[in-house]
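What follows is the content of input.cif (mmCIF, C-alpha atoms and all ligand atoms; chains and numbers go by the auth columns).
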```cif
data_structure
#
loop_
_atom_site.group_PDB
_atom_site.id
_atom_site.type_symbol
_atom_site.label_atom_id
_atom_site.label_comp_id
_atom_site.label_asym_id
_atom_site.label_seq_id
_atom_site.Cartn_x
_atom_site.Cartn_y
_atom_site.Cartn_z
_atom_site.B_iso_or_equiv
_atom_site.auth_seq_id
_atom_site.auth_asym_id
ATOM 1 C CA MET A 1 -35.431 2.803 -28.843 0.00 1 Z
ATOM 2 C CA ARG A 2 -32.203 1.989 -27.062 0.00 2 Z
ATOM 3 C CA LYS A 3 -31.390 -1.590 -26.178 0.00 3 Z
ATOM 4 C CA LYS A 4 -31.703 -3.067 -22.718 0.00 4 Z
ATOM 5 C CA VAL A 5 -28.596 -5.066 -21.886 0.00 5 Z
ATOM 6 C CA VAL A 6 -27.805 -7.427 -19.027 0.00 6 Z
ATOM 7 C CA ALA A 7 -24.143 -8.413 -19.139 0.00 7 Z
ATOM 8 C CA GLY A 8 -22.271 -10.705 -16.789 0.00 8 Z
ATOM 9 C CA ASN A 9 -18.637 -10.173 -15.862 0.00 9 Z
ATOM 10 C CA TRP A 10 -17.164 -13.360 -14.457 0.00 10 Z
ATOM 11 C CA LYS A 11 -13.836 -11.643 -13.739 0.00 11 Z
ATOM 12 C CA CYS A 12 -11.058 -14.125 -12.812 0.00 12 Z
ATOM 13 C CA ASN A 13 -13.457 -16.866 -11.753 0.00 13 Z
ATOM 14 C CA THR A 14 -14.480 -20.344 -12.924 0.00 14 Z
ATOM 15 C CA THR A 15 -12.446 -23.104 -14.485 0.00 15 Z
ATOM 16 C CA LEU A 16 -13.194 -23.809 -18.126 0.00 16 Z
ATOM 17 C CA GLN A 17 -15.515 -26.671 -17.173 0.00 17 Z
ATOM 18 C CA GLU A 18 -17.380 -24.604 -14.579 0.00 18 Z
ATOM 19 C CA GLY A 19 -17.697 -21.730 -17.032 0.00 19 Z
ATOM 20 C CA VAL A 20 -19.134 -23.902 -19.787 0.00 20 Z
ATOM 21 C CA GLU A 21 -21.654 -25.425 -17.352 0.00 21 Z
ATOM 22 C CA LEU A 22 -22.706 -21.971 -16.194 0.00 22 Z
ATOM 23 C CA ALA A 23 -23.063 -20.722 -19.758 0.00 23 Z
ATOM 24 C CA LYS A 24 -25.141 -23.756 -20.709 0.00 24 Z
ATOM 25 C CA ALA A 25 -27.424 -23.297 -17.702 0.00 25 Z
ATOM 26 C CA VAL A 26 -28.061 -19.643 -18.608 0.00 26 Z
ATOM 27 C CA ASP A 27 -28.527 -20.511 -22.286 0.00 27 Z
ATOM 28 C CA ALA A 28 -31.058 -23.248 -21.489 0.00 28 Z
ATOM 29 C CA VAL A 29 -33.270 -20.905 -19.480 0.00 29 Z
ATOM 30 C CA VAL A 30 -32.990 -18.072 -21.986 0.00 30 Z
ATOM 31 C CA ALA A 31 -33.952 -20.595 -24.704 0.00 31 Z
ATOM 32 C CA GLU A 32 -36.977 -21.728 -22.737 0.00 32 Z
ATOM 33 C CA LYS A 33 -38.244 -18.423 -21.382 0.00 33 Z
ATOM 34 C CA GLY A 34 -36.895 -16.077 -24.023 0.00 34 Z
ATOM 35 C CA ALA A 35 -35.354 -12.702 -23.336 0.00 35 Z
ATOM 36 C CA GLU A 36 -36.536 -10.940 -26.456 0.00 36 Z
ATOM 37 C CA ASP A 37 -36.462 -7.479 -24.977 0.00 37 Z
ATOM 38 C CA VAL A 38 -33.040 -7.848 -23.400 0.00 38 Z
ATOM 39 C CA VAL A 39 -29.620 -8.358 -24.922 0.00 39 Z
ATOM 40 C CA VAL A 40 -27.857 -10.919 -22.718 0.00 40 Z
ATOM 41 C CA VAL A 41 -24.050 -11.004 -22.649 0.00 41 Z
ATOM 42 C CA MET A 42 -21.589 -13.175 -20.722 0.00 42 Z
ATOM 43 C CA GLY A 43 -18.124 -11.766 -20.075 0.00 43 Z
ATOM 44 C CA THR A 44 -15.904 -14.804 -19.677 0.00 44 Z
ATOM 45 C CA PRO A 45 -12.173 -15.243 -19.196 0.00 45 Z
ATOM 46 C CA PHE A 46 -10.259 -15.319 -22.526 0.00 46 Z
ATOM 47 C CA THR A 47 -9.565 -19.030 -22.127 0.00 47 Z
ATOM 48 C CA HIS A 48 -13.272 -19.840 -22.027 0.00 48 Z
ATOM 49 C CA ILE A 49 -14.615 -17.802 -24.920 0.00 49 Z
ATOM 50 C CA THR A 50 -14.389 -20.373 -27.718 0.00 50 Z
ATOM 51 C CA SER A 51 -15.881 -23.163 -25.636 0.00 51 Z
ATOM 52 C CA VAL A 52 -18.685 -20.923 -24.377 0.00 52 Z
ATOM 53 C CA VAL A 53 -19.437 -19.741 -27.916 0.00 53 Z
ATOM 54 C CA ASP A 54 -19.635 -23.395 -29.004 0.00 54 Z
ATOM 55 C CA ALA A 55 -21.813 -24.398 -26.028 0.00 55 Z
ATOM 56 C CA ILE A 56 -24.537 -21.767 -26.395 0.00 56 Z
ATOM 57 C CA ASN A 57 -26.747 -20.260 -29.059 0.00 57 Z
ATOM 58 C CA THR A 58 -24.984 -16.997 -29.825 0.00 58 Z
ATOM 59 C CA GLU A 59 -28.096 -15.722 -31.579 0.00 59 Z
ATOM 60 C CA ARG A 60 -29.586 -15.481 -28.095 0.00 60 Z
ATOM 61 C CA ILE A 61 -26.583 -14.620 -25.951 0.00 61 Z
ATOM 62 C CA GLY A 62 -23.510 -12.571 -26.779 0.00 62 Z
ATOM 63 C CA VAL A 63 -20.063 -13.320 -25.401 0.00 63 Z
ATOM 64 C CA ALA A 64 -17.594 -10.687 -24.191 0.00 64 Z
ATOM 65 C CA SER A 65 -13.943 -10.704 -23.308 0.00 65 Z
ATOM 66 C CA GLN A 66 -13.029 -8.673 -20.238 0.00 66 Z
ATOM 67 C CA ASN A 67 -10.108 -6.887 -21.836 0.00 67 Z
ATOM 68 C CA CYS A 68 -8.010 -6.735 -24.990 0.00 68 Z
ATOM 69 C CA ALA A 69 -4.482 -5.638 -25.799 0.00 69 Z
ATOM 70 C CA ALA A 70 -3.592 -2.023 -26.527 0.00 70 Z
ATOM 71 C CA GLU A 71 -1.496 -3.195 -29.505 0.00 71 Z
ATOM 72 C CA ALA A 72 -2.731 -4.851 -32.682 0.00 72 Z
ATOM 73 C CA LYS A 73 -0.198 -7.715 -32.635 0.00 73 Z
ATOM 74 C CA GLY A 74 3.453 -8.532 -32.149 0.00 74 Z
ATOM 75 C CA ALA A 75 5.954 -9.192 -29.384 0.00 75 Z
ATOM 76 C CA PHE A 76 3.702 -8.537 -26.387 0.00 76 Z
ATOM 77 C CA THR A 77 3.951 -11.742 -24.385 0.00 77 Z
ATOM 78 C CA GLY A 78 0.768 -12.697 -22.611 0.00 78 Z
ATOM 79 C CA GLU A 79 -1.453 -10.190 -24.372 0.00 79 Z
ATOM 80 C CA VAL A 80 -4.629 -11.045 -26.303 0.00 80 Z
ATOM 81 C CA SER A 81 -5.464 -8.767 -29.207 0.00 81 Z
ATOM 82 C CA ALA A 82 -8.857 -7.453 -30.273 0.00 82 Z
ATOM 83 C CA ALA A 83 -8.529 -9.408 -33.546 0.00 83 Z
ATOM 84 C CA MET A 84 -7.924 -12.614 -31.560 0.00 84 Z
ATOM 85 C CA VAL A 85 -10.975 -11.938 -29.405 0.00 85 Z
ATOM 86 C CA LYS A 86 -13.105 -11.303 -32.479 0.00 86 Z
ATOM 87 C CA SER A 87 -11.843 -14.509 -34.115 0.00 87 Z
ATOM 88 C CA THR A 88 -13.207 -16.588 -31.211 0.00 88 Z
ATOM 89 C CA GLY A 89 -16.784 -15.533 -31.902 0.00 89 Z
ATOM 90 C CA ALA A 90 -17.012 -12.951 -29.107 0.00 90 Z
ATOM 91 C CA GLU A 91 -18.858 -9.804 -30.096 0.00 91 Z
ATOM 92 C CA TYR A 92 -18.210 -7.607 -27.069 0.00 92 Z
ATOM 93 C CA VAL A 93 -15.255 -6.446 -25.001 0.00 93 Z
ATOM 94 C CA ILE A 94 -15.432 -4.917 -21.539 0.00 94 Z
ATOM 95 C CA LEU A 95 -13.000 -1.983 -21.386 0.00 95 Z
ATOM 96 C CA GLY A 96 -12.036 0.452 -18.658 0.00 96 Z
ATOM 97 C CA HIS A 97 -13.229 -1.613 -15.722 0.00 97 Z
ATOM 98 C CA SER A 98 -12.081 -0.001 -12.476 0.00 98 Z
ATOM 99 C CA GLU A 99 -10.172 -3.178 -11.597 0.00 99 Z
ATOM 100 C CA ARG A 100 -8.155 -2.791 -14.828 0.00 100 Z
ATOM 101 C CA ARG A 101 -7.664 0.927 -14.179 0.00 101 Z
ATOM 102 C CA ASP A 102 -6.670 0.483 -10.522 0.00 102 Z
ATOM 103 C CA TYR A 103 -4.721 -2.796 -10.482 0.00 103 Z
ATOM 104 C CA TYR A 104 -3.164 -2.700 -13.955 0.00 104 Z
ATOM 105 C CA GLY A 105 -2.615 1.020 -14.413 0.00 105 Z
ATOM 106 C CA GLU A 106 -4.910 1.445 -17.398 0.00 106 Z
ATOM 107 C CA THR A 107 -4.994 5.138 -18.204 0.00 107 Z
ATOM 108 C CA SER A 108 -7.289 6.974 -20.598 0.00 108 Z
ATOM 109 C CA GLU A 109 -4.455 6.933 -23.136 0.00 109 Z
ATOM 110 C CA ILE A 110 -4.178 3.136 -22.973 0.00 110 Z
ATOM 111 C CA LEU A 111 -7.957 2.768 -23.078 0.00 111 Z
ATOM 112 C CA ASN A 112 -8.162 4.910 -26.205 0.00 112 Z
ATOM 113 C CA LYS A 113 -5.795 2.521 -27.973 0.00 113 Z
ATOM 114 C CA LYS A 114 -7.882 -0.448 -26.862 0.00 114 Z
ATOM 115 C CA LEU A 115 -11.113 1.258 -27.915 0.00 115 Z
ATOM 116 C CA ALA A 116 -9.747 1.976 -31.384 0.00 116 Z
ATOM 117 C CA LEU A 117 -8.612 -1.619 -31.867 0.00 117 Z
ATOM 118 C CA ALA A 118 -11.848 -3.064 -30.521 0.00 118 Z
ATOM 119 C CA LEU A 119 -13.903 -0.930 -32.909 0.00 119 Z
ATOM 120 C CA GLU A 120 -11.609 -1.635 -35.862 0.00 120 Z
ATOM 121 C CA ASN A 121 -12.144 -5.325 -35.266 0.00 121 Z
ATOM 122 C CA GLY A 122 -15.909 -5.087 -35.017 0.00 122 Z
ATOM 123 C CA LEU A 123 -16.209 -5.654 -31.283 0.00 123 Z
ATOM 124 C CA THR A 124 -18.756 -3.700 -29.245 0.00 124 Z
ATOM 125 C CA PRO A 125 -17.008 -2.076 -26.280 0.00 125 Z
ATOM 126 C CA ILE A 126 -18.835 -2.100 -22.960 0.00 126 Z
ATOM 127 C CA PHE A 127 -17.016 0.901 -21.559 0.00 127 Z
ATOM 128 C CA CYS A 128 -16.885 1.286 -17.784 0.00 128 Z
ATOM 129 C CA CYS A 129 -16.655 4.429 -15.686 0.00 129 Z
ATOM 130 C CA GLY A 130 -17.203 5.151 -12.024 0.00 130 Z
ATOM 131 C CA GLU A 131 -15.908 6.963 -8.982 0.00 131 Z
ATOM 132 C CA ALA A 132 -14.206 5.870 -5.758 0.00 132 Z
ATOM 133 C CA LEU A 133 -15.850 6.400 -2.375 0.00 133 Z
ATOM 134 C CA ALA A 134 -13.779 9.509 -1.519 0.00 134 Z
ATOM 135 C CA ILE A 135 -15.016 11.219 -4.674 0.00 135 Z
ATOM 136 C CA ARG A 136 -18.632 10.320 -3.885 0.00 136 Z
ATOM 137 C CA GLU A 137 -18.167 11.645 -0.340 0.00 137 Z
ATOM 138 C CA ALA A 138 -16.750 14.883 -1.715 0.00 138 Z
ATOM 139 C CA GLY A 139 -19.821 15.190 -3.947 0.00 139 Z
ATOM 140 C CA THR A 140 -17.781 15.535 -7.151 0.00 140 Z
ATOM 141 C CA GLN A 141 -18.781 12.199 -8.702 0.00 141 Z
ATOM 142 C CA ASN A 142 -20.609 13.596 -11.728 0.00 142 Z
ATOM 143 C CA ASP A 143 -17.684 15.768 -12.801 0.00 143 Z
ATOM 144 C CA PHE A 144 -15.256 12.904 -12.209 0.00 144 Z
ATOM 145 C CA VAL A 145 -17.194 10.372 -14.277 0.00 145 Z
ATOM 146 C CA ILE A 146 -17.949 12.775 -17.099 0.00 146 Z
ATOM 147 C CA ASN A 147 -14.291 13.663 -17.243 0.00 147 Z
ATOM 148 C CA GLN A 148 -13.447 9.947 -17.582 0.00 148 Z
ATOM 149 C CA LEU A 149 -15.757 9.865 -20.598 0.00 149 Z
ATOM 150 C CA LYS A 150 -14.411 13.131 -22.064 0.00 150 Z
ATOM 151 C CA GLU A 151 -10.910 11.667 -22.021 0.00 151 Z
ATOM 152 C CA THR A 152 -11.978 8.457 -23.748 0.00 152 Z
ATOM 153 C CA ILE A 153 -15.214 7.666 -25.576 0.00 153 Z
ATOM 154 C CA PHE A 154 -16.066 11.333 -26.204 0.00 154 Z
ATOM 155 C CA GLN A 155 -12.933 11.433 -28.380 0.00 155 Z
ATOM 156 C CA LEU A 156 -14.540 8.976 -30.798 0.00 156 Z
ATOM 157 C CA SER A 157 -16.355 9.965 -33.963 0.00 157 Z
ATOM 158 C CA ALA A 158 -20.143 10.025 -33.655 0.00 158 Z
ATOM 159 C CA GLU A 159 -20.319 6.913 -35.867 0.00 159 Z
ATOM 160 C CA ASP A 160 -18.018 4.973 -33.544 0.00 160 Z
ATOM 161 C CA PHE A 161 -19.614 6.336 -30.386 0.00 161 Z
ATOM 162 C CA LYS A 162 -22.946 4.905 -31.515 0.00 162 Z
ATOM 163 C CA LYS A 163 -21.437 1.404 -31.191 0.00 163 Z
ATOM 164 C CA ILE A 164 -20.524 1.853 -27.499 0.00 164 Z
ATOM 165 C CA VAL A 165 -22.382 0.568 -24.460 0.00 165 Z
ATOM 166 C CA ILE A 166 -21.581 2.536 -21.282 0.00 166 Z
ATOM 167 C CA ALA A 167 -21.473 0.911 -17.841 0.00 167 Z
ATOM 168 C CA TYR A 168 -21.542 3.121 -14.752 0.00 168 Z
ATOM 169 C CA GLU A 169 -19.939 1.214 -11.902 0.00 169 Z
ATOM 170 C CA PRO A 170 -19.325 3.154 -8.680 0.00 170 Z
ATOM 171 C CA ILE A 171 -16.205 1.538 -7.214 0.00 171 Z
ATOM 172 C CA TRP A 172 -17.634 1.642 -3.692 0.00 172 Z
ATOM 173 C CA ALA A 173 -20.501 -0.591 -4.845 0.00 173 Z
ATOM 174 C CA ILE A 174 -18.434 -3.248 -6.633 0.00 174 Z
ATOM 175 C CA GLY A 175 -18.315 -6.530 -4.747 0.00 175 Z
ATOM 176 C CA THR A 176 -19.165 -4.758 -1.492 0.00 176 Z
ATOM 177 C CA GLY A 177 -22.847 -5.607 -1.158 0.00 177 Z
ATOM 178 C CA VAL A 178 -23.474 -1.848 -0.997 0.00 178 Z
ATOM 179 C CA THR A 179 -25.542 -0.918 -4.026 0.00 179 Z
ATOM 180 C CA ALA A 180 -26.085 2.604 -5.234 0.00 180 Z
ATOM 181 C CA THR A 181 -29.702 3.509 -4.595 0.00 181 Z
ATOM 182 C CA SER A 182 -31.836 3.567 -7.702 0.00 182 Z
ATOM 183 C CA ASP A 183 -31.988 7.363 -7.349 0.00 183 Z
ATOM 184 C CA GLN A 184 -28.194 7.630 -7.175 0.00 184 Z
ATOM 185 C CA ALA A 185 -27.929 5.468 -10.289 0.00 185 Z
ATOM 186 C CA GLN A 186 -30.585 7.473 -12.125 0.00 186 Z
ATOM 187 C CA ASP A 187 -28.925 10.760 -11.181 0.00 187 Z
ATOM 188 C CA MET A 188 -25.578 9.667 -12.615 0.00 188 Z
ATOM 189 C CA HIS A 189 -27.074 8.033 -15.703 0.00 189 Z
ATOM 190 C CA ALA A 190 -29.044 11.193 -16.468 0.00 190 Z
ATOM 191 C CA ALA A 191 -25.877 13.271 -16.063 0.00 191 Z
ATOM 192 C CA ILE A 192 -23.992 10.947 -18.421 0.00 192 Z
ATOM 193 C CA ARG A 193 -26.788 11.095 -20.998 0.00 193 Z
ATOM 194 C CA ALA A 194 -26.883 14.899 -20.786 0.00 194 Z
ATOM 195 C CA ALA A 195 -23.116 15.016 -21.356 0.00 195 Z
ATOM 196 C CA VAL A 196 -23.471 12.677 -24.351 0.00 196 Z
ATOM 197 C CA ALA A 197 -26.196 14.959 -25.730 0.00 197 Z
ATOM 198 C CA GLU A 198 -23.916 17.956 -25.367 0.00 198 Z
ATOM 199 C CA GLN A 199 -21.091 16.151 -27.145 0.00 199 Z
ATOM 200 C CA PHE A 200 -22.933 14.198 -29.850 0.00 200 Z
ATOM 201 C CA GLY A 201 -26.510 15.502 -29.895 0.00 201 Z
ATOM 202 C CA GLN A 202 -29.791 14.350 -28.379 0.00 202 Z
ATOM 203 C CA GLU A 203 -30.523 11.570 -30.856 0.00 203 Z
ATOM 204 C CA ILE A 204 -27.273 9.772 -30.109 0.00 204 Z
ATOM 205 C CA ALA A 205 -27.744 10.364 -26.368 0.00 205 Z
ATOM 206 C CA ASP A 206 -31.202 8.803 -26.543 0.00 206 Z
ATOM 207 C CA GLY A 207 -29.778 5.772 -28.332 0.00 207 Z
ATOM 208 C CA VAL A 208 -26.869 4.892 -26.048 0.00 208 Z
ATOM 209 C CA SER A 209 -27.442 2.119 -23.498 0.00 209 Z
ATOM 210 C CA ILE A 210 -26.126 2.989 -20.028 0.00 210 Z
ATOM 211 C CA LEU A 211 -25.821 0.022 -17.664 0.00 211 Z
ATOM 212 C CA TYR A 212 -25.486 0.082 -13.899 0.00 212 Z
ATOM 213 C CA GLY A 213 -22.954 -2.178 -12.157 0.00 213 Z
ATOM 214 C CA GLY A 214 -22.129 -2.741 -8.504 0.00 214 Z
ATOM 215 C CA SER A 215 -23.680 -5.348 -6.205 0.00 215 Z
ATOM 216 C CA CYS A 216 -26.648 -5.744 -8.514 0.00 216 Z
ATOM 217 C CA ASN A 217 -28.684 -8.800 -7.513 0.00 217 Z
ATOM 218 C CA PRO A 218 -32.124 -10.340 -8.033 0.00 218 Z
ATOM 219 C CA LYS A 219 -33.517 -8.329 -5.112 0.00 219 Z
ATOM 220 C CA ASN A 220 -32.466 -4.872 -6.240 0.00 220 Z
ATOM 221 C CA ALA A 221 -32.369 -5.229 -10.054 0.00 221 Z
ATOM 222 C CA ASN A 222 -36.034 -4.481 -10.506 0.00 222 Z
ATOM 223 C CA ASP A 223 -35.869 -1.175 -8.664 0.00 223 Z
ATOM 224 C CA ILE A 224 -32.634 -0.069 -10.351 0.00 224 Z
ATOM 225 C CA PHE A 225 -33.789 -1.107 -13.838 0.00 225 Z
ATOM 226 C CA SER A 226 -37.086 0.740 -13.376 0.00 226 Z
ATOM 227 C CA LYS A 227 -35.303 4.089 -13.651 0.00 227 Z
ATOM 228 C CA ALA A 228 -35.666 5.993 -16.901 0.00 228 Z
ATOM 229 C CA ASP A 229 -31.972 6.279 -17.742 0.00 229 Z
ATOM 230 C CA VAL A 230 -30.878 2.832 -16.538 0.00 230 Z
ATOM 231 C CA ASP A 231 -30.785 0.488 -19.515 0.00 231 Z
ATOM 232 C CA GLY A 232 -29.611 -2.676 -17.791 0.00 232 Z
ATOM 233 C CA GLY A 233 -26.751 -3.942 -15.710 0.00 233 Z
ATOM 234 C CA LEU A 234 -23.175 -5.156 -15.683 0.00 234 Z
ATOM 235 C CA ILE A 235 -23.275 -7.934 -13.148 0.00 235 Z
ATOM 236 C CA GLY A 236 -20.300 -9.421 -11.308 0.00 236 Z
ATOM 237 C CA GLY A 237 -20.899 -11.893 -8.479 0.00 237 Z
ATOM 238 C CA ALA A 238 -24.554 -12.571 -9.286 0.00 238 Z
ATOM 239 C CA SER A 239 -23.728 -13.447 -12.908 0.00 239 Z
ATOM 240 C CA MET A 240 -21.957 -16.573 -11.722 0.00 240 Z
ATOM 241 C CA LYS A 241 -25.068 -18.087 -10.213 0.00 241 Z
ATOM 242 C CA ALA A 242 -27.262 -19.089 -13.137 0.00 242 Z
ATOM 243 C CA GLU A 243 -30.522 -18.651 -11.192 0.00 243 Z
ATOM 244 C CA ASP A 244 -29.552 -15.184 -9.957 0.00 244 Z
ATOM 245 C CA PHE A 245 -28.365 -14.021 -13.367 0.00 245 Z
ATOM 246 C CA ILE A 246 -31.583 -15.250 -14.958 0.00 246 Z
ATOM 247 C CA GLN A 247 -33.673 -13.476 -12.348 0.00 247 Z
ATOM 248 C CA ILE A 248 -31.788 -10.276 -13.111 0.00 248 Z
ATOM 249 C CA ILE A 249 -32.384 -10.762 -16.856 0.00 249 Z
ATOM 250 C CA ASN A 250 -36.058 -11.260 -16.053 0.00 250 Z
ATOM 251 C CA ALA A 251 -36.162 -8.111 -13.928 0.00 251 Z
ATOM 252 C CA TYR A 252 -37.297 -6.409 -17.144 0.00 252 Z
HETATM 253 P P1 LIG B . -20.415 -7.062 -8.452 0.00 301 Z
HETATM 254 O O1 LIG B . -21.753 -7.257 -9.137 0.00 301 Z
HETATM 255 O O2 LIG B . -19.819 -8.337 -7.960 0.00 301 Z
HETATM 256 O O3 LIG B . -20.465 -5.966 -7.435 0.00 301 Z
HETATM 257 O O4 LIG B . -19.411 -6.556 -9.617 0.00 301 Z
HETATM 258 C C1 LIG B . -19.791 -5.541 -10.438 0.00 301 Z
HETATM 259 C C2 LIG B . -18.779 -5.438 -11.528 0.00 301 Z
HETATM 260 O O5 LIG B . -17.664 -5.038 -11.301 0.00 301 Z
HETATM 261 C C3 LIG B . -19.176 -5.858 -12.867 0.00 301 Z
HETATM 262 O O6 LIG B . -18.238 -5.478 -13.809 0.00 301 Z
#
```
Would you put the structure from the file into structure tokens?
Amino acid sequence: MRKKVVAGNWKCNTTLQEGVELAKAVDAVVAEKGAEDVVVVMGTPFTHITSVVDAINTERIGVASQNCAAEAKGAFTGEVSAAMVKSTGAEYVILGHSERRDYYGETSEILNKKLALALENGLTPIFCCGEALAIREAGTQNDFVINQLKETIFQLSAEDFKKIVIAYEPIWAIGTGVTATSDQAQDMHAAIRAAVAEQFGQEIADGVSILYGGSCNPKNANDIFSKADVDGGLIGGASMKAEDFIQIINAY
């Protein structure tokens, strides 16, 4: 059975102290109530990872970076490599977020380098895909998203692909308060799973977790997560309010 995953993406928010407090608050509730059926992940800024790892029980909650360098090491000022991320105790890395693609020019070629390094270093990539509003309005969203995957994670070996978590994040739903309907999410997730089956076979398609992201909150999580091909969420804004994030975790 594939895993259910609820991952937070704090983006460029929280000071170190605020981040550690938030992580502790989430950890305390997960410790008390348990989240046995759900893998909980917090995607913190690079600067926070070590302190968050130290502040929580990482048996219960995984920590993700939100990016890693496309090069293994060397003279790349300001970059943080996959090996560095792994050495902090993080187990996951968010790759291909639309904000990285759109604001920092991350192409499929760059993402393939990052994916290879993340996997080599034992990190689990949470790989994002998703279409802009104009593509949704033109009705070509399924082809667009599947093409994003064909250019990237479908290039991996089956063994490596099995380590990937996919996050479908329609750009028009990110930070806008406009959520995809649960039917829109299900439709895309089913299309992604069918494409995975075509590429890697049904067994691998049945095993891959596909998360929904985009204005997910405690009110809509239940409905979205109830869909057959939605295996959890990648949560932005609501992951920075401990109570909201916990309610989303408990939506399962
Ligand atoms: P919001 O939940 O704030 O819309 O962000 C979603 C997202 O981009 C998570 O990666």
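Coordinates place CA of Glu243 in chain Z at a distance of 15.2 Å from CA of Val20 in chain Z.
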Discussion item. For this structure, which residues satisfy the selection - the PyMOL selection byres (((chain Z and resi 180-186) around 10) and not hetatm) - when it is evaluated on the file as given? I want them as an NGL selection string.
Written reply: :Z and (168-170 or 172-174 or 177-179 or 187-192 or 211-216 or 220-230)
Take every atom of range 153-163 of chain Z listed in the file, fit an axis-aligned box around them, add 3 Å per side, and give the centre and edge lengths in Å to one decimal as lines of an AutoDock Vina configuration file.
```
center_x = -17.9
center_y = 6.4
center_z = -30.7
size_x = 16.0
size_y = 16.0
size_z = 16.3
```
Discussion item. Neighbouring residues of Lys11 in chain Z were defined as those with any atom within 10 Å, considering all atoms listed in the file; residues of the same chain fewer than 2 positions away were excluded. Please report them as a count of residues only.
Written reply: 13
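The smallest atom-to-atom distance between Ile210 in chain Z and any of Z:Gly139, Z:Arg2, Z:Tyr252, Z:Val80, using only C-alpha atoms, is found for Z:Arg2.
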Item to complete: Identify all residues satisfying the PyMOL selection byres (((chain Z and resi 23) around 12) and not hetatm) in the given file; provide them as a ChimeraX atom specification.
Response: /Z:8,10,14,16-22,24-31,40-44,48-58,60-63,239-243,245-246
Discussion item. As a check of understanding, name the residues that the PyMOL selection byres (((chain Z and resi 72-79) around 12) and not hetatm) selects in the supplied structure, as a VMD selection string.
Written reply: chain Z and resid 46 67 to 71 80 to 85 113 to 121
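Counting only C-alpha atoms and comparing Z:Glu159, Z:Glu59, Z:Leu234, Z:Ile171, the residue that lies closest to Ala7 in chain Z is Z:Leu234.
The spacing separating CA of Gln148 in chain Z from CA of Ile248 in chain Z amounts to 27.7 Å.
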Worksheet entry | Polymer residues at most 12 Å from (-35.7, -4.1, -26.0) by all atoms listed in the file, as a ChimeraX atom specification | /Z:1-6,35-40,207,209,231-232,249,252
Worksheet item: What is the distance between CA of Tyr104 in chain Z and CA of Ala158 in chain Z, in Å to one decimal?
Response: 29.0 Å
Worksheet, complete the sentence: Of Z:Phe154, Z:Ala138, Z:Ile235, Z:Ile126, the one sitting nearest ligand LIG 301 (chain Z) when using all atoms listed in the file is Z:Ile235
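Counting only C-alpha atoms and all ligand atoms and comparing Z:Arg100, Z:Lys163, Z:Arg136, Z:Arg193, the residue that lies closest to ligand LIG 301 (chain Z) is Z:Arg100.
Take the candidates Z:Asn112, Z:Thr152, Z:Gln202, Z:Asn217 and check each one against ligand LIG 301 (chain Z) using all atoms listed in the file; the shortest distance goes to Z:Asn217.
Each of Z:Cys12, Z:Ala238, Z:Leu156, Z:Val208 was compared to ligand LIG 301 (chain Z) using all atoms listed in the file, and Z:Ala238 turns out to be the nearest.
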Save range 156-167 of chain Z from what I just supplied, as an mmCIF file, in the first residue's frame, atoms limited to N, CA and C atoms.
```cif
data_model
loop_
_atom_site.group_PDB
_atom_site.id
_atom_site.type_symbol
_atom_site.label_atom_id
_atom_site.label_comp_id
_atom_site.auth_asym_id
_atom_site.auth_seq_id
_atom_site.Cartn_x
_atom_site.Cartn_y
_atom_site.Cartn_z
ATOM 1 N N LEU Z 156 14.249 8.508 -14.977
ATOM 2 C CA LEU Z 156 14.960 7.727 -13.958
ATOM 3 C C LEU Z 156 14.787 6.233 -14.217
ATOM 4 N N SER Z 157 15.684 5.446 -13.606
ATOM 5 C CA SER Z 157 15.476 3.997 -13.636
ATOM 6 C C SER Z 157 14.261 3.680 -12.768
ATOM 7 N N ALA Z 158 13.680 2.515 -12.961
ATOM 8 C CA ALA Z 158 12.521 2.119 -12.157
ATOM 9 C C ALA Z 158 12.906 2.101 -10.676
ATOM 10 N N GLU Z 159 14.108 1.613 -10.371
ATOM 11 C CA GLU Z 159 14.552 1.538 -8.971
ATOM 12 C C GLU Z 159 14.575 2.930 -8.334
ATOM 13 N N ASP Z 160 15.112 3.894 -9.058
ATOM 14 C CA ASP Z 160 15.155 5.264 -8.521
ATOM 15 C C ASP Z 160 13.758 5.890 -8.487
ATOM 16 N N PHE Z 161 12.970 5.632 -9.510
ATOM 17 C CA PHE Z 161 11.631 6.231 -9.535
ATOM 18 C C PHE Z 161 10.827 5.820 -8.313
ATOM 19 N N LYS Z 162 11.044 4.605 -7.854
ATOM 20 C CA LYS Z 162 10.286 4.091 -6.701
ATOM 21 C C LYS Z 162 10.545 4.910 -5.430
ATOM 22 N N LYS Z 163 11.639 5.680 -5.428
ATOM 23 C CA LYS Z 163 11.977 6.475 -4.233
ATOM 24 C C LYS Z 163 11.325 7.864 -4.254
ATOM 25 N N ILE Z 164 10.654 8.200 -5.363
ATOM 26 C CA ILE Z 164 10.134 9.564 -5.546
ATOM 27 C C ILE Z 164 8.732 9.712 -4.958
ATOM 28 N N VAL Z 165 8.480 10.883 -4.394
ATOM 29 C CA VAL Z 165 7.110 11.290 -4.056
ATOM 30 C C VAL Z 165 6.761 12.397 -5.054
ATOM 31 N N ILE Z 166 5.582 12.333 -5.643
ATOM 32 C CA ILE Z 166 5.168 13.365 -6.613
ATOM 33 C C ILE Z 166 4.213 14.331 -5.920
ATOM 34 N N ALA Z 167 4.352 15.616 -6.213
ATOM 35 C CA ALA Z 167 3.386 16.600 -5.694
ATOM 36 C C ALA Z 167 2.805 17.369 -6.878
#
```
